[in-house]
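Pasting final.txt here (compact mmCIF, C-alpha atoms):
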```txt
# COMPACT_ATOMS: atom_id res chain seq x y z
CA MET A 472 0.00 0.00 0.00
CA PRO A 473 1.58 3.22 -1.06
CA GLY A 474 2.39 5.71 1.52
CA PRO A 475 0.97 9.25 1.73
CA ARG A 476 2.26 11.80 -0.78
CA GLU A 477 4.10 14.81 0.27
CA PRO A 478 2.14 18.09 0.04
CA GLY A 479 4.79 19.81 -2.13
CA ARG A 480 4.91 16.96 -4.62
CA ALA A 481 1.08 16.94 -4.91
CA ARG A 482 0.94 20.62 -5.60
CA SER A 483 3.66 20.20 -8.27
CA ALA A 484 1.70 17.41 -9.97
CA ARG A 485 -1.47 19.50 -9.98
CA GLY A 486 0.50 22.43 -11.42
CA ASP A 487 1.87 20.25 -14.21
CA GLN A 488 -1.58 18.97 -15.07
CA GLY A 489 -2.98 22.52 -15.14
CA ALA A 490 -0.16 23.68 -17.41
CA ARG A 491 -0.88 20.81 -19.81
CA ARG A 492 -4.58 21.72 -19.84
CA ASP A 493 -3.71 25.36 -20.50
CA ARG A 494 -1.47 24.36 -23.41
CA ASN A 495 -4.18 22.11 -24.85
CA ASP A 496 -6.75 24.88 -24.54
CA ALA A 497 -4.45 27.37 -26.21
CA SER A 498 -3.35 25.12 -29.10
CA PRO A 499 -6.51 25.69 -31.31
CA ARG A 500 -6.14 29.41 -30.93
CA ASN A 501 -2.47 29.19 -31.90
CA ASP A 502 -3.33 27.04 -34.95
CA SER A 503 -5.97 29.57 -35.92
CA ASN A 504 -3.51 32.38 -35.57
CA ASP A 505 -0.96 30.44 -37.60
CA SER A 506 -3.60 29.78 -40.25
CA ASN A 507 -4.56 33.45 -40.37
CA ASP A 508 -0.90 34.39 -40.67
CA SER A 509 -0.54 31.88 -43.46
CA ASN A 510 -3.61 33.28 -45.23
CA ASP A 511 -2.26 36.80 -44.84
CA SER A 512 1.04 35.72 -46.35
CA ASN A 513 -0.82 33.97 -49.18
CA HIS A 514 -2.83 37.12 -49.83
CA ALA A 515 0.36 39.13 -49.86
CA GLY A 516 1.93 36.68 -52.29
CA ALA A 517 -1.12 36.86 -54.53
CA ARG A 518 -0.95 40.62 -54.50
CA ASN A 519 2.77 40.48 -55.28
CA ASP A 520 2.13 38.04 -58.14
CA GLY A 521 -0.49 40.34 -59.63
CA ARG A 522 -3.39 37.89 -59.03
CA ASP A 523 -6.78 38.77 -57.65
CA PRO A 524 -6.66 38.29 -53.83
CA SER A 525 -10.35 37.42 -53.75
CA ALA A 526 -9.64 34.27 -55.74
CA SER A 527 -7.10 33.06 -53.15
CA SER A 528 -9.08 33.44 -49.93
CA PRO A 529 -12.79 33.31 -49.08
CA TYR A 530 -12.22 35.73 -46.22
CA GLU A 531 -11.18 38.61 -48.52
CA ARG A 532 -14.10 40.78 -49.49
CA PRO A 533 -14.23 42.29 -52.99
CA PRO A 534 -14.01 46.06 -53.27
CA SER A 535 -17.32 47.66 -52.51
CA SER A 536 -17.05 50.41 -55.16
CA SER A 537 -16.11 50.32 -58.91
CA PRO A 538 -13.35 52.57 -60.31
CA ALA A 539 -14.32 56.18 -60.52
CA PRO A 540 -15.41 57.31 -64.01
CA PRO A 541 -13.09 59.68 -65.87
CA SER A 542 -13.54 63.31 -65.06
CA ARG A 543 -15.25 65.71 -67.40
CA LEU A 544 -11.94 67.38 -68.28
CA ARG A 545 -10.44 64.03 -69.26
CA ARG A 546 -13.43 63.24 -71.47
CA ILE A 547 -13.16 66.62 -73.17
CA LEU A 548 -9.44 66.11 -73.77
CA ARG A 549 -10.09 62.68 -75.25
CA ARG A 550 -12.64 64.12 -77.66
CA LEU A 551 -10.26 66.91 -78.63
CA TRP A 552 -7.55 64.32 -79.28
CA TRP A 553 -9.85 62.40 -81.62
CA MET A 554 -10.69 65.68 -83.38
CA HIS A 555 -6.97 66.22 -83.81
CA SER A 556 -6.76 62.76 -85.37
CA ALA A 557 -9.46 63.72 -87.87
CA PHE A 558 -7.54 66.89 -88.70
CA ALA A 559 -4.32 64.90 -89.15
CA LEU A 560 -6.10 62.50 -91.48
CA SER A 561 -7.41 65.40 -93.57
CA PHE A 562 -3.95 66.95 -93.65
CA GLY A 563 -2.51 63.61 -94.77
CA ALA A 564 -4.98 63.50 -97.65
CA GLY A 565 -3.68 66.91 -98.69
CA VAL A 566 -0.12 65.61 -98.57
CA MET A 567 -1.15 62.74 -100.85
CA LEU A 568 -2.65 65.16 -103.37
CA PHE A 569 0.49 67.30 -103.26
CA ALA A 570 2.72 64.27 -103.72
CA ARG A 571 0.63 63.18 -106.70
CA ALA A 572 0.81 66.59 -108.38
CA GLY A 573 4.21 67.83 -107.21
CA LEU A 574 6.53 65.16 -108.52
CA ALA A 575 8.81 67.87 -109.93
CA HIS A 576 9.92 68.68 -106.37
CA ALA A 577 9.98 65.08 -105.15
CA ASP A 578 13.77 64.98 -104.80
CA LYS A 579 13.80 67.93 -102.38
CA ILE A 580 10.92 66.51 -100.40
CA MET A 581 12.63 63.15 -100.17
CA ILE A 582 15.71 64.80 -98.67
CA ALA A 583 13.47 66.37 -96.03
CA LEU A 584 11.92 62.97 -95.40
CA LEU A 585 15.40 61.47 -94.98
CA VAL A 586 16.21 64.03 -92.29
CA SER A 587 12.88 63.21 -90.66
CA TRP A 588 13.77 59.53 -90.76
CA LEU A 589 17.10 60.19 -88.98
CA VAL A 590 15.33 62.24 -86.31
CA MET A 591 12.83 59.44 -85.85
CA PHE A 592 15.63 56.94 -85.38
CA VAL A 593 17.30 59.00 -82.66
CA ALA A 594 13.98 59.70 -80.94
CA LEU A 595 12.78 56.11 -81.00
CA ARG A 596 16.14 54.83 -79.84
CA PHE A 597 16.95 57.22 -77.01
CA ILE A 598 13.91 59.27 -75.97
CA VAL A 599 10.53 57.58 -76.36
CA GLY A 600 9.45 53.98 -76.14
CA PRO A 601 8.98 51.58 -73.24
CA ALA A 602 12.69 50.89 -72.77
CA ASN A 603 13.37 54.55 -71.94
CA ARG A 604 10.40 54.98 -69.62
CA ARG A 605 10.96 55.36 -65.88
CA GLU A 606 8.54 54.65 -63.07
CA GLN A 607 8.85 58.15 -61.68
CA GLU A 608 9.52 60.87 -64.21
CA THR A 609 9.81 64.57 -63.74
CA ILE A 610 7.41 66.93 -65.43
CA ALA A 611 10.16 68.14 -67.75
CA ARG A 612 11.05 64.63 -68.92
CA ARG A 613 7.40 63.77 -69.42
CA GLY A 614 6.93 66.94 -71.43
CA VAL A 615 9.94 66.09 -73.61
CA ARG A 616 8.49 62.62 -74.17
CA VAL A 617 5.07 63.98 -75.20
CA ALA A 618 6.59 66.59 -77.53
CA THR A 619 8.95 64.07 -79.13
CA ASN A 620 6.15 61.58 -79.57
CA TYR A 621 4.04 64.24 -81.30
CA ILE A 622 6.88 65.16 -83.67
CA ILE A 623 7.45 61.50 -84.53
CA LYS A 624 3.80 61.10 -85.39
CA GLN A 625 3.99 64.06 -87.73
CA PHE A 626 7.02 62.53 -89.46
CA TYR A 627 5.25 59.20 -89.78
CA GLN A 628 2.23 60.90 -91.30
CA GLN A 629 4.27 62.91 -93.79
CA MET A 630 6.36 59.92 -94.78
CA PHE A 631 3.57 57.38 -95.23
CA PHE A 632 1.12 59.79 -96.85
CA PHE A 633 3.79 61.01 -99.25
CA LEU A 634 4.97 57.51 -100.19
CA THR A 635 1.48 56.10 -100.74
CA PRO A 636 0.65 57.97 -104.00
CA LEU A 637 4.15 57.41 -105.36
CA TYR A 638 3.86 53.65 -105.01
CA ALA A 639 0.21 53.68 -106.07
CA SER A 640 1.00 55.50 -109.33
CA SER A 641 3.89 53.14 -110.01
CA ALA A 642 1.87 49.98 -109.34
CA THR A 643 -0.07 48.02 -111.94
CA TRP A 644 -3.64 47.80 -110.68
CA SER A 645 -4.74 44.54 -112.18
CA LEU A 646 -5.66 41.10 -110.90
CA ALA A 647 -2.97 39.72 -113.20
CA SER A 648 -0.35 41.70 -111.27
CA TRP A 649 0.45 41.73 -107.56
CA ASN A 650 2.85 44.67 -107.31
CA TRP A 651 0.10 46.90 -105.92
CA TRP A 652 0.16 45.42 -102.37
CA LEU A 653 2.68 47.93 -101.01
CA ALA A 654 0.49 51.01 -101.56
CA PRO A 655 -2.45 49.79 -99.40
CA LEU A 656 -0.02 48.73 -96.67
CA LEU A 657 1.56 52.19 -96.62
CA LEU A 658 -1.91 53.75 -96.50
CA ILE A 659 -2.88 51.60 -93.50
CA CYS A 660 0.26 52.70 -91.65
CA ALA A 661 -0.48 56.31 -92.57
CA VAL A 662 -4.01 56.12 -91.14
CA ILE A 663 -2.75 54.44 -87.94
CA SER A 664 -0.20 57.22 -87.46
CA THR A 665 -3.04 59.77 -87.41
CA LEU A 666 -4.97 57.94 -84.66
CA ASP A 667 -3.25 59.52 -81.69
CA LEU A 668 -4.71 57.33 -78.98
CA VAL A 669 -3.91 54.15 -80.90
CA PHE A 670 -0.45 55.30 -81.93
CA ASP A 671 0.51 56.54 -78.44
CA ASN A 672 -0.92 53.74 -76.32
CA PHE A 673 -0.47 50.76 -78.61
CA VAL A 674 2.16 51.26 -81.31
CA MET A 675 4.76 53.31 -79.46
CA GLU A 676 4.51 51.14 -76.35
CA ARG A 677 5.54 48.05 -78.36
CA ARG A 678 9.03 48.45 -79.64
CA LEU A 679 8.90 45.60 -82.16
CA LEU A 680 5.70 46.94 -83.72
CA ALA A 681 7.09 50.45 -83.85
CA SER A 682 10.29 49.08 -85.37
CA ALA A 683 8.33 47.19 -88.03
CA MET A 684 6.56 50.39 -89.07
CA TYR A 685 9.87 52.18 -89.00
CA GLY A 686 11.49 49.48 -91.15
CA LEU A 687 8.69 49.68 -93.71
CA ALA A 688 9.02 53.45 -93.84
CA MET A 689 12.80 53.24 -94.22
CA PHE A 690 12.59 50.67 -97.00
CA GLY A 691 10.00 52.74 -98.85
CA VAL A 692 11.98 55.98 -98.47
CA LEU A 693 15.32 54.51 -99.58
CA ASN A 694 13.75 52.71 -102.53
CA VAL A 695 12.34 56.03 -103.77
CA MET A 696 15.07 58.41 -102.62
CA LEU A 697 18.14 56.69 -104.08
CA PRO A 698 16.99 56.99 -107.73
CA LEU A 699 15.98 60.63 -107.17
CA VAL A 700 18.95 61.90 -105.17
CA ALA A 701 21.80 59.53 -106.02
CA GLY A 702 20.67 58.70 -109.57
CA LEU A 703 20.84 54.94 -108.98
CA ASP A 704 18.81 52.56 -111.08
CA HIS A 705 15.81 50.92 -109.48
CA ARG A 706 17.36 47.48 -109.14
CA THR A 707 20.38 48.81 -107.24
CA SER A 708 18.18 51.00 -105.06
CA LEU A 709 15.99 48.02 -104.23
CA VAL A 710 19.00 45.96 -103.14
CA VAL A 711 20.47 48.79 -101.03
CA ALA A 712 17.13 49.44 -99.32
CA ALA A 713 16.71 45.74 -98.51
CA ALA A 714 20.26 45.49 -97.15
CA ALA A 715 19.97 48.59 -94.92
CA THR A 716 16.57 47.87 -93.38
CA PRO A 717 17.39 44.88 -91.07
CA THR A 718 20.44 46.60 -89.55
CA SER A 719 18.48 49.76 -88.89
CA VAL A 720 15.60 47.88 -87.27
CA ALA A 721 18.03 45.85 -85.14
CA LEU A 722 19.78 49.00 -83.86
CA LEU A 723 16.38 50.49 -83.12
CA SER A 724 15.03 47.49 -81.22
CA PHE A 725 18.13 46.32 -79.33
CA SER A 726 21.23 47.79 -77.79
CA VAL A 727 24.43 48.15 -79.78
CA ARG A 728 26.10 45.51 -77.61
CA GLN A 729 23.35 43.00 -78.37
CA VAL A 730 23.48 43.73 -82.10
CA LEU A 731 27.29 43.39 -82.22
CA SER A 732 27.33 40.18 -80.18
CA PRO A 733 28.03 36.96 -82.15
CA SER A 734 24.43 35.74 -81.96
CA GLY A 735 23.00 39.18 -82.72
CA ALA A 736 25.31 39.78 -85.66
CA LEU A 737 24.53 36.31 -87.05
CA LEU A 738 20.80 36.97 -86.77
CA VAL A 739 21.12 40.31 -88.57
CA VAL A 740 23.14 38.71 -91.36
CA VAL A 741 20.61 35.89 -91.79
CA VAL A 742 17.62 38.27 -91.85
CA THR A 743 19.44 40.53 -94.32
CA ALA A 744 20.20 37.58 -96.60
CA VAL A 745 16.58 36.42 -96.46
CA LEU A 746 15.26 39.89 -97.28
CA LEU A 747 17.76 40.31 -100.12
CA GLY A 748 16.71 36.98 -101.59
CA ALA A 749 13.04 37.92 -101.24
CA VAL A 750 13.37 41.26 -103.04
CA TRP A 751 15.65 39.80 -105.72
CA TYR A 752 13.40 36.92 -106.70
CA GLY A 753 10.23 38.86 -106.00
CA ARG A 754 11.29 42.18 -107.50
CA ALA A 755 8.47 41.97 -110.03
CA LEU A 756 6.09 42.36 -107.04
CA ILE A 757 7.66 45.69 -105.97
CA PRO A 758 6.82 48.73 -108.13
CA PRO A 759 9.79 50.79 -109.37
CA ALA A 760 8.64 53.98 -107.65
CA PRO A 761 8.66 56.82 -108.52
CA LEU A 762 8.67 55.61 -112.15
CA ALA A 763 5.09 55.57 -113.43
CA MET A 764 3.48 54.67 -116.73
CA LEU A 765 0.86 57.28 -117.54
CA GLU A 766 -0.48 55.74 -120.74
CA THR A 767 0.11 52.75 -122.98
CA ALA A 768 -1.39 51.80 -126.31
CA VAL A 769 -1.17 49.16 -129.03
CA GLY A 770 -1.84 50.05 -132.67
CA HIS A 771 -1.23 48.92 -136.23
CA GLY A 772 -1.19 50.22 -139.78
CA THR A 773 0.44 53.33 -141.17
CA ILE A 774 2.25 55.63 -138.75
CA GLY A 775 0.68 59.06 -138.35
CA SER A 776 2.59 62.23 -139.19
CA TYR A 777 2.77 63.46 -135.60
CA GLU A 778 2.23 60.19 -133.82
CA CYS A 779 3.84 59.50 -130.46
CA LEU A 780 1.56 56.90 -129.00
CA PRO A 781 -0.20 54.72 -131.57
CA GLY A 782 -3.96 54.81 -131.88
CA SER A 783 -5.25 52.57 -129.10
CA LYS A 784 -6.86 49.36 -130.32
CA HIS A 785 -8.27 46.56 -128.19
CA GLN A 786 -9.02 44.24 -131.10
CA ILE A 787 -6.95 43.84 -134.25
CA ARG A 788 -7.89 41.57 -137.17
CA SER A 789 -5.35 38.95 -138.13
CA ASP A 790 -5.07 40.21 -141.71
CA GLN A 791 -4.27 43.74 -140.47
CA THR A 792 -1.20 43.09 -138.31
CA ASP A 793 1.16 45.17 -140.43
CA GLY A 794 2.87 47.87 -138.37
CA LEU A 795 1.91 46.21 -135.07
CA ARG A 796 3.45 48.40 -132.41
CA CYS A 797 3.27 49.20 -128.70
CA GLY A 798 3.90 52.56 -127.03
CA SER A 799 4.39 53.52 -123.39
CA MET A 800 4.33 57.01 -121.88
CA LEU A 801 6.54 57.11 -118.79
CA ARG A 802 7.26 59.75 -116.18
CA GLU A 803 9.94 59.90 -113.51
CA PRO A 804 11.19 62.99 -111.64
CA GLY A 805 14.62 63.89 -112.92
CA GLY A 806 14.36 61.67 -116.01
CA LEU A 807 14.30 57.96 -116.60
CA LYS A 808 16.86 56.25 -114.34
CA GLU A 809 16.65 52.80 -115.89
CA ASP A 810 15.89 51.57 -119.39
CA VAL A 811 12.74 49.61 -120.06
CA ILE A 812 11.90 46.71 -122.35
CA HIS A 813 8.76 45.52 -124.09
CA ILE A 814 7.81 41.87 -123.72
CA TRP A 815 5.33 40.66 -126.34
CA SER A 816 3.38 37.58 -125.34
CA ARG A 817 0.46 35.55 -126.68
CA ARG A 818 -1.65 33.38 -124.41
CA GLY A 819 0.96 33.76 -121.68
CA HIS A 820 3.90 32.62 -123.85
CA GLU A 821 6.66 35.11 -124.56
CA LEU A 822 7.22 35.76 -128.27
CA ALA A 823 9.64 38.69 -128.31
CA ARG A 824 11.65 40.81 -125.89
CA LEU A 825 12.50 44.16 -127.45
CA THR A 826 14.25 47.35 -126.45
CA PRO A 827 11.93 50.20 -127.47
CA GLU A 828 13.11 53.40 -129.05
CA ARG A 829 12.62 56.78 -127.39
CA MET A 830 10.34 59.09 -129.27
CA ARG A 831 10.86 62.80 -129.74
CA CYS A 832 7.56 63.98 -128.34
CA ASN A 833 6.93 67.44 -127.02
CA ASP A 834 4.85 66.28 -124.06
CA GLY A 835 6.30 67.96 -121.00
CA ASP A 836 8.45 65.80 -118.78
CA SER A 837 6.99 62.54 -120.08
CA ILE A 838 9.01 60.04 -122.08
CA VAL A 839 7.42 57.93 -124.81
CA VAL A 840 8.98 54.65 -125.94
CA ARG A 841 7.79 52.49 -128.83
CA SER A 842 8.57 49.07 -130.23
CA PHE A 843 7.41 47.23 -133.38
CA PHE A 844 6.61 43.54 -133.24
CA PRO A 845 8.71 41.68 -135.84
CA LEU A 846 6.43 40.14 -138.45
CA ALA A 847 8.89 37.26 -138.80
CA ASP A 848 7.98 36.15 -135.27
CA LEU A 849 4.25 36.39 -135.91
CA PRO A 850 2.63 32.94 -135.47
CA ALA A 851 0.86 31.32 -138.43
CA ASP A 852 -2.37 31.63 -136.46
CA PRO A 853 -2.07 34.82 -134.40
CA VAL A 854 -5.65 34.75 -133.12
CA GLY A 855 -5.77 34.96 -129.34
CA HIS A 856 -5.15 37.19 -126.35
CA TRP A 857 -1.94 39.23 -126.49
CA ALA A 858 -0.09 41.50 -124.06
CA CYS A 859 2.64 44.10 -124.32
CA THR A 860 4.35 44.25 -120.92
CA THR A 861 6.63 47.15 -119.99
CA MET A 862 9.36 46.22 -117.50
CA THR A 863 12.62 47.72 -116.34
CA VAL A 864 15.78 45.96 -117.43
CA GLY A 865 16.16 44.99 -113.77
CA GLY A 866 12.94 42.97 -113.88
CA GLN A 867 10.40 45.27 -112.17
CA LEU A 868 6.95 45.57 -113.67
CA VAL A 869 5.97 49.01 -114.98
CA GLY A 870 2.69 48.24 -116.75
CA VAL A 871 0.77 45.90 -119.05
CA ARG A 872 -1.31 46.58 -122.16
CA LYS A 873 -3.60 43.73 -123.18
CA PHE A 874 -5.30 43.36 -126.57
CA GLU A 875 -6.73 40.65 -128.79
CA ILE A 876 -6.14 39.55 -132.36
CA VAL A 877 -9.30 38.20 -133.96
CA THR A 878 -10.07 36.44 -137.21
CA PRO A 879 -10.49 38.40 -140.47
CA ASP A 880 -14.26 38.26 -140.00
CA GLY A 881 -14.02 39.55 -136.41
CA ARG A 882 -14.42 36.34 -134.39
CA SER A 883 -12.40 36.06 -131.18
CA ALA A 884 -10.52 33.06 -129.87
CA ASP A 885 -13.33 32.33 -127.44
CA ASP A 886 -15.76 31.93 -130.34
CA LEU A 887 -13.38 29.46 -131.99
CA ALA A 888 -13.02 27.22 -128.96
CA PRO A 889 -13.11 23.54 -130.02
CA VAL A 890 -16.37 21.71 -129.41
CA ALA A 891 -16.23 18.35 -127.65
CA ARG A 892 -16.90 15.60 -130.19
CA ASP A 893 -16.71 11.86 -130.72
CA PRO A 894 -13.12 10.61 -131.29
CA GLY A 895 -14.27 9.05 -134.59
CA ALA A 896 -15.78 12.25 -135.89
CA VAL A 897 -14.06 14.20 -138.69
CA GLU A 898 -14.51 17.88 -139.35
CA ARG A 899 -16.05 18.69 -142.74
CA PRO A 900 -13.97 20.99 -144.93
CA GLY A 901 -15.14 24.55 -145.16
CA GLY A 902 -14.62 25.47 -141.52
CA ASP A 903 -18.35 25.58 -140.76
CA GLY A 904 -17.84 23.48 -137.66
CA ALA A 905 -20.01 20.58 -138.92
CA ARG A 906 -19.08 17.11 -137.72
CA ALA A 907 -19.62 13.72 -139.45
CA LYS A 908 -18.62 10.15 -138.88
CA GLY A 909 -15.59 8.92 -140.83
CA GLY A 910 -16.51 7.73 -144.32
CA ALA A 911 -16.16 8.45 -148.02
CA ASP A 912 -18.43 11.47 -147.91
CA ALA A 913 -16.62 12.96 -144.94
CA ALA A 914 -13.12 12.42 -146.36
CA THR A 915 -13.82 13.51 -149.93
CA PRO A 916 -13.05 17.18 -150.46
CA ARG A 917 -15.63 19.25 -152.20
```

Please rewrite the model in this file as structure tokens.
Amino acid sequence: MPGPREPGRARSARGDQGARRDRNDASPRNDSNDSNDSNDSNHAGARNDGRDPSASSPYERPPSSSPAPPSRLRRILRRLWWMHSAFALSFGAGVMLFARAGLAHADKIMIALLVSWLVMFVALRFIVGPANRREQETIARRGVRVATNYIIKQFYQQMFFFLTPLYASSATWSLASWNWWLAPLLLICAVISTLDLVFDNFVMERRLLASAMYGLAMFGVLNVMLPLVAGLDHRTSLVVAAAATPTSVALLSFSVRQVLSPSGALLVVVVTAVLLGAVWYGRALIPPAPLAMLETAVGHGTIGSYECLPGSKHQIRSDQTDGLRCGSMLREPGGLKEDVIHIWSRRGHELARLTPERMRCNDGDSIVVRSFFPLADLPADPVGHWACTTMTVGGQLVGVRKFEIVTPDGRSADDLAPVARDPGAVERPGGDGARAKGGADAATPR
């Protein structure tokens, strides 16, 4: 039988049991506190990660009020900015009309556009754009950014609106030709440059997109400027413009150290080679701006006393092909920089490639060239659809003149299309199109 416990030891045992009960009672509260701390840390992590805190915890209440609507002053400024965009678009249309009518001063304007291009490069590289934006900017720096951005937009507008009519007048607007694609693309970029809110908040905040527009503008300017200012032919200007564009875009989009690094330099070389190959093999799809063909005509018969362009004919009878000739009226500021050729074709097959002669025509600054189709190369049956294509010696399309040679009685090739018949059928002589089964009557000439 155990002996009696000492009073001190009993009190110690009761104290230990009370302490354990206190710890057990406090443990749920501690777990709850730890859980709340964990939830708070999770909410903080969600806020740091940019996620919605309400999606991470059911205890977080959504904000009770929506964002405040823009003030009246901000709405008025936005409307005024859109009105400015409408004014810029109208001004750009005026620039297009001036560029279409003022080709005599195109070389001087292109020099001004080149200076604008250099200013744009410096501004895009060192002043505006997301890479040069700071979280906290002074009022002066923000003012410089806004002013520079506005000047860049004006340069973009002038450049794209001025280039659009030059490429449009040089393109061949036909479904049989695809060298007209560049003019609509330049017009789209011109319209975007007038939309201030779109240009400021979308284009200029994305360096690659801004660089792409800049590269297109640079390619278009060099391709037009080099023949005007340096007197280069269109093929050489096309190659130089294609070679300079990737390097310029790379220096605009990346730092000089990145561009000159082995991987960066290799990438620039590869892109340049690809672009050079594309413009070389696809040069027929790029118009030789600012060279434009104002008129073209195909005629026949006796030459008129004061004839420059032949009398335009769309149908010529096969027994009246004497003196078959093609004329092209060309215009280029500063004179023709590259010779042209005439390619005569029938039903898509080339028959002759001729160097036309320059005519002495008193017709302002236009140049008229003319070539005669050699009768020795005329097919035995010339009936069909023909074309006289004017191209530069470098292989860029200037324009196409289509016509048709018909039978002596005026029937076209479509009217003479063969009629499906039985393999054993034989055509009766006389050309009346009658068919008969093979036999003595069918084979005996009348």

**Study point:** Who sits within 12 Å of A:Phe843, all atoms listed in the file, same chain under 3 positions skipped, as number ranges by chain
**Key:** A: 769-772, 774, 781, 792-798, 812-815, 823-828, 840, 846-849, 859

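You will find atom CA of A:Ala661 at 5.7 Å from atom CA of A:Phe632.
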
Review point. A:Leu737, A:Leu747, A:Val730, A:Ile622: which is nearest A:Leu709, counting only C-alpha atoms?
Key: A:Leu747

List the neighbours of A:Arg872 out to 12 Å using all atoms listed in the file; skip same-chain residues closer than 3 positions along the sequence, and give me the result as a short mmCIF file (atom, residue, chain, number, x, y, z; two decimals) with C-alpha atoms, in the coordinates of the input.
```
data_model
loop_
_atom_site.label_atom_id
_atom_site.label_comp_id
_atom_site.auth_asym_id
_atom_site.auth_seq_id
_atom_site.Cartn_x
_atom_site.Cartn_y
_atom_site.Cartn_z
CA THR A 643 -0.07 48.02 -111.94
CA TRP A 644 -3.64 47.80 -110.68
CA SER A 645 -4.74 44.54 -112.18
CA ALA A 647 -2.97 39.72 -113.20
CA SER A 648 -0.35 41.70 -111.27
CA MET A 764 3.48 54.67 -116.73
CA LEU A 765 0.86 57.28 -117.54
CA GLU A 766 -0.48 55.74 -120.74
CA THR A 767 0.11 52.75 -122.98
CA ALA A 768 -1.39 51.80 -126.31
CA VAL A 769 -1.17 49.16 -129.03
CA GLY A 770 -1.84 50.05 -132.67
CA SER A 783 -5.25 52.57 -129.10
CA LYS A 784 -6.86 49.36 -130.32
CA HIS A 785 -8.27 46.56 -128.19
CA ARG A 796 3.45 48.40 -132.41
CA CYS A 797 3.27 49.20 -128.70
CA GLY A 798 3.90 52.56 -127.03
CA SER A 799 4.39 53.52 -123.39
CA MET A 800 4.33 57.01 -121.88
CA HIS A 813 8.76 45.52 -124.09
CA ILE A 814 7.81 41.87 -123.72
CA TRP A 815 5.33 40.66 -126.34
CA SER A 816 3.38 37.58 -125.34
CA HIS A 856 -5.15 37.19 -126.35
CA TRP A 857 -1.94 39.23 -126.49
CA ALA A 858 -0.09 41.50 -124.06
CA CYS A 859 2.64 44.10 -124.32
CA THR A 860 4.35 44.25 -120.92
CA THR A 861 6.63 47.15 -119.99
CA MET A 862 9.36 46.22 -117.50
CA LEU A 868 6.95 45.57 -113.67
CA VAL A 869 5.97 49.01 -114.98
CA GLU A 875 -6.73 40.65 -128.79
#
```

Exercise for review: Would you be able to write out as JSON, numbers by chain which residues have an atom within 12 Å of (-13.4, 45.9, -136.8) in the file's coordinates, counting all atoms listed in the file?
Suggested key: {"A": [784, 785, 786, 787, 788, 789, 790, 791, 875, 876, 877, 878, 879, 880, 881, 882, 883]}

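Take the candidates A:Ile757, A:Ala884, A:Ala688, A:Leu762 and check each one against A:Leu801 using only C-alpha atoms; the shortest distance goes to A:Leu762.
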
What does stretch 680-714 of chain A look like written to a file with C-alpha atoms, as a PDB file, in the first residue's frame?
```pdb
ATOM      1  CA  LEU A 680       5.702  46.939 -83.722  1.00  0.00           C
ATOM      2  CA  ALA A 681       7.085  50.454 -83.854  1.00  0.00           C
ATOM      3  CA  SER A 682      10.289  49.078 -85.369  1.00  0.00           C
ATOM      4  CA  ALA A 683       8.330  47.189 -88.029  1.00  0.00           C
ATOM      5  CA  MET A 684       6.559  50.387 -89.070  1.00  0.00           C
ATOM      6  CA  TYR A 685       9.870  52.184 -89.003  1.00  0.00           C
ATOM      7  CA  GLY A 686      11.493  49.483 -91.153  1.00  0.00           C
ATOM      8  CA  LEU A 687       8.691  49.676 -93.712  1.00  0.00           C
ATOM      9  CA  ALA A 688       9.024  53.450 -93.837  1.00  0.00           C
ATOM     10  CA  MET A 689      12.797  53.243 -94.216  1.00  0.00           C
ATOM     11  CA  PHE A 690      12.595  50.666 -96.997  1.00  0.00           C
ATOM     12  CA  GLY A 691      10.004  52.736 -98.846  1.00  0.00           C
ATOM     13  CA  VAL A 692      11.977  55.979 -98.465  1.00  0.00           C
ATOM     14  CA  LEU A 693      15.322  54.506 -99.583  1.00  0.00           C
ATOM     15  CA  ASN A 694      13.755  52.712-102.529  1.00  0.00           C
ATOM     16  CA  VAL A 695      12.338  56.030-103.773  1.00  0.00           C
ATOM     17  CA  MET A 696      15.071  58.414-102.617  1.00  0.00           C
ATOM     18  CA  LEU A 697      18.140  56.692-104.083  1.00  0.00           C
ATOM     19  CA  PRO A 698      16.992  56.986-107.727  1.00  0.00           C
ATOM     20  CA  LEU A 699      15.984  60.627-107.166  1.00  0.00           C
ATOM     21  CA  VAL A 700      18.948  61.901-105.167  1.00  0.00           C
ATOM     22  CA  ALA A 701      21.800  59.526-106.025  1.00  0.00           C
ATOM     23  CA  GLY A 702      20.671  58.699-109.567  1.00  0.00           C
ATOM     24  CA  LEU A 703      20.840  54.943-108.981  1.00  0.00           C
ATOM     25  CA  ASP A 704      18.812  52.558-111.076  1.00  0.00           C
ATOM     26  CA  HIS A 705      15.808  50.917-109.478  1.00  0.00           C
ATOM     27  CA  ARG A 706      17.362  47.478-109.143  1.00  0.00           C
ATOM     28  CA  THR A 707      20.381  48.809-107.237  1.00  0.00           C
ATOM     29  CA  SER A 708      18.181  51.000-105.056  1.00  0.00           C
ATOM     30  CA  LEU A 709      15.995  48.019-104.230  1.00  0.00           C
ATOM     31  CA  VAL A 710      19.003  45.963-103.137  1.00  0.00           C
ATOM     32  CA  VAL A 711      20.468  48.785-101.034  1.00  0.00           C
ATOM     33  CA  ALA A 712      17.131  49.441 -99.317  1.00  0.00           C
ATOM     34  CA  ALA A 713      16.708  45.740 -98.507  1.00  0.00           C
ATOM     35  CA  ALA A 714      20.257  45.495 -97.147  1.00  0.00           C
TER      36      ALA A 714
END
```
